[in-house]
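S.K.: The structure that follows is given in the form of structure tokens.
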Amino acid sequence: MRRFPFAWNAFADQPHNVAPRSERMLHHIRRWPAYAALLWADLVRCVPVLRIYARNRRRMFRVPVAISPDMFAVSVSPPCGRPAAETEAVLGLLRETGVRRTLFRVPSWEKERLAEFEAFARRLRSDGREFAAALLQRRQDVFETAGWAGFLEESFARLGRHSPFFEIGHAWNRTKWGVWDHAEYLKLVRPAVALRGRYGVKLVGPAVIDFEFHLYPPILREVDFDVVSSLLYVDRVGAPENAQAGWTTAMKVALFAAAAEASARRPVPAWITEVNWPLAGTEPYSPAAGKPNVGEEAQADYLVRYYVICLAGGLIDRVFWWQLVAPGYGLVDSRETPWRRRPSFCAFKTMVERLSGSVFIGKDGPPAGGPRAGIEVYRFRKDGRDFALAWTTGAPRDREFGRPVAAVLDRDGRERPSSGAVVRLDFSPRYIFF
């Protein structure tokens with residue numbers, strides 16, 4: 001089979017899609033036995049998955065959820081080969097967000113730089129940060145499995161001294177990442193399983209991107225991951241409450257958790273290891289074209305709304321924003337000197353501060369006897385005080401909370417005028433304290 005050349009897009013932190021669409025389709029057709037095996041695995045697990053999904057939907061937002069600080073995470077790119085001041089800047093920004101959990105990528109084609117990645121890992125640990133390392137593959141690794149296994153072993157030996165978590169492979173259900181079916185992905189995972197005991201590492205996977213949970217049963221039945229992960233992007237439908245073919249973010253989370261529970265060999269945590277909304281006007285740094293791109297204010301609003309939906313449902317243990325510093329989608333824009341904190345940085349920092357250590361206690365439905373107004377109200381309790389996080393999914397509207405409002409903070413933590421029990425809401429989340 002032709003080995004398509006691997007070409008890295010350094011602007012968008014992802015590979016170029018070098019295989020023509022017609023050739024990709026032809027290779028998929030030739031792989032019909034793998035897809036037949038996939039279909040059979042899904043048919044076998046279909047009923048358990050749907051049963052658990054229905055249970056998840058009944059329970060989501062109806063039971064209390066302790067919101068741990070560990071649930072909030074943001075990924076970084078190690079500034080290897082860059083001035084030491086950039087490492088200090090990244091660490092300083094991490095401290096400012098308030099998060100203690102992070103993730104960074106380690107490409108197999110940069111194996112010779114593992115000492116630099118280890119130096120960065122050492123700095124993270126000395127700064128009190130726990131990290132996960134996402135090990136990236138390319139097409140060559142599928143064919144040269146000995147080289148891939150060597151990369152895994154050296155990564156485990158060097159980085160495993162500082163953190164046990166390794167996500168094996170990345171977005172492999174997109175052919176530009178070098179993997180053409182789930183059988184090829186399993187070829188990359190098996191050496192990691194064989195090495196796990198020797199180095200005492202914890203395996204995270206299968207790192208499927210987007211809404212393709214049919215890939216989980218055949219992989220999770222064979223591979224005993226310590227954490228089940230998804231790169232659950234919803235940017236192509238805009239706001240996280242919007243539906244894709246009838247599926248909202250909440251419904252996708254419920255199905256992800258159901259597929260993981262029904263297929264995994266044992267109960268394990270569920271992480272969303274990558275999500276963002278790319279930014280309009282940042283070409284060539286944006287990783288997507290057209291509709292997924294939004295303005296900076298919308299990105300900040302969607303970030304908070306996405307985290308609340310995922311974490312308050314009680315099914316996701318950690319969400320990583322990709323990433324801290326990046327021109328096309330990050331919380332910080334590195335094209336300016338000094339680096340500019342975007343609205344999403346302030347929104348993320350405020351969210352971590354306000355929600356960490358709280359307990360989600362319930363979600364309000366539409367007003368009795370009133371129209372479905374498109375108002376989202378999530379209620380929390382922290383340090384003996386109740387507050388709500390609320391927004392609209394459409395036009396601004398007044399919301400009666402039925403009790404005196406003591407203070408209102410906007411998405412970025414700034415106090416807003418308030419009086420009585422009525423608060424004017426719009427698409428930007430508000431923290432309402434009683």
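Residue numbers start at 1 in each chain; chains themselves are named A, B, ... in the order of the structure tokens; ligands are numbered from 1 in the order shown.
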Compile a residue-level contact table for stretch 275-294 of chain A against stretch 299-319 of chain A at a cut-off of 12 Å, reporting for every qualifying residue the shortest atom pair and its distance in Å to one decimal, with only C-alpha atoms counted, rows ordered by chain and ascending number, as a tab-separated table.

M.R.:
residue	atom	partner	partner_atom	distance
A:Val275	CA	A:Val319	CA	8.1
A:Asn276	CA	A:Leu303	CA	7.5
A:Trp277	CA	A:Gln299	CA	5.9
A:Pro278	CA	A:Gln299	CA	7.8
A:Leu279	CA	A:Gln299	CA	7.5
A:Ala280	CA	A:Gln299	CA	10.0
A:Pro292	CA	A:Gln299	CA	10.4
A:Asn293	CA	A:Gln299	CA	8.9
A:Val294	CA	A:Gln299	CA	6.3

S.K.: Atom CA of A:Leu203 to atom CA of A:Phe72: how many Å, to one decimal?

M.R.: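 Taking atom CA of A:Leu203 as the start and atom CA of A:Phe72 as the end point, the length is 19.8 Å.
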
S.K.: Rounded to one decimal, what separation in Å do you get between atom CA of A:Val74 and atom CA of A:Thr102?

M.R.: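 If I compute the distance from atom CA of A:Val74 to atom CA of A:Thr102, I get 5.1 Å.
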
S.K.: Which residues are near A:Phe143? Cut-off 10 Å, only C-alpha atoms, ignore same chain within fewer than 4 positions. Put them as an NGL selection string.

M.R.: :A and (3 or 138-139 or 147-148 or 184 or 187-188)

S.K.: Find the nearest atom pair between each residue of stretch 254-353 of chain A and stretch 403-420 of chain A for residues within 8 Å, count only C-alpha atoms, give distances in Å to one decimal, sort rows by chain and ascending number, and present the table as JSON lines.

M.R.:
{"residue": "A:Asp301", "atom": "CA", "partner": "A:Arg411", "partner_atom": "CA", "distance": 7.4}
{"residue": "A:Pro343", "atom": "CA", "partner": "A:Asp412", "partner_atom": "CA", "distance": 7.6}
{"residue": "A:Cys346", "atom": "CA", "partner": "A:Asp412", "partner_atom": "CA", "distance": 5.3}
{"residue": "A:Ala347", "atom": "CA", "partner": "A:Asp412", "partner_atom": "CA", "distance": 4.7}
{"residue": "A:Lys349", "atom": "CA", "partner": "A:Asp412", "partner_atom": "CA", "distance": 7.9}
{"residue": "A:Thr350", "atom": "CA", "partner": "A:Gly413", "partner_atom": "CA", "distance": 5.7}
{"residue": "A:Met351", "atom": "CA", "partner": "A:Arg411", "partner_atom": "CA", "distance": 7.8}

S.K.: How would you write, as a PyMOL selection string, the set of residues in stretch 12-236 of chain A that DSSP gives as strand (DSSP E)?

M.R.: chain A and resi 14-15+65-67+72-76+101-107+130-136+165-168+202-209+227-231

S.K.: With distances taken over only C-alpha atoms, which residue among A:Leu255, A:Gly402, A:Asp333, A:Asp364 lies nearest A:Pro48?

M.R.: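 Closest to A:Pro48 of all the choices is A:Leu255.
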
S.K.: Choose the residue, out of A:Tyr53, A:Phe61, A:Tyr185, A:Trp321, that has the smallest atom-to-atom separation from A:Ile361; count only C-alpha atoms.

M.R.: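 The answer is A:Phe61, which sits nearest to A:Ile361.
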
S.K.: Tell me, in Å to one decimal, how far atom CA of A:Val352 is from atom CA of A:Arg101.

M.R.: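 So the answer is 11.8 Å.
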
S.K.: Among the residues of stretch 101-255 of chain A, find those DSSP assigns to helix (DSSP H, G or I) from the backbone and print them as a ChimeraX atom specification.

M.R.: /A:108-126,139-143,145-159,175-177,182-199,213-220,235-237,249-255

S.K.: Which of these, A:Val47, A:Ala34, A:Leu232, A:Val359, has the shortest distance to A:Gly384 once you count only C-alpha atoms?

M.R.: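 Distance minimum relative to A:Gly384 lands on A:Val359.
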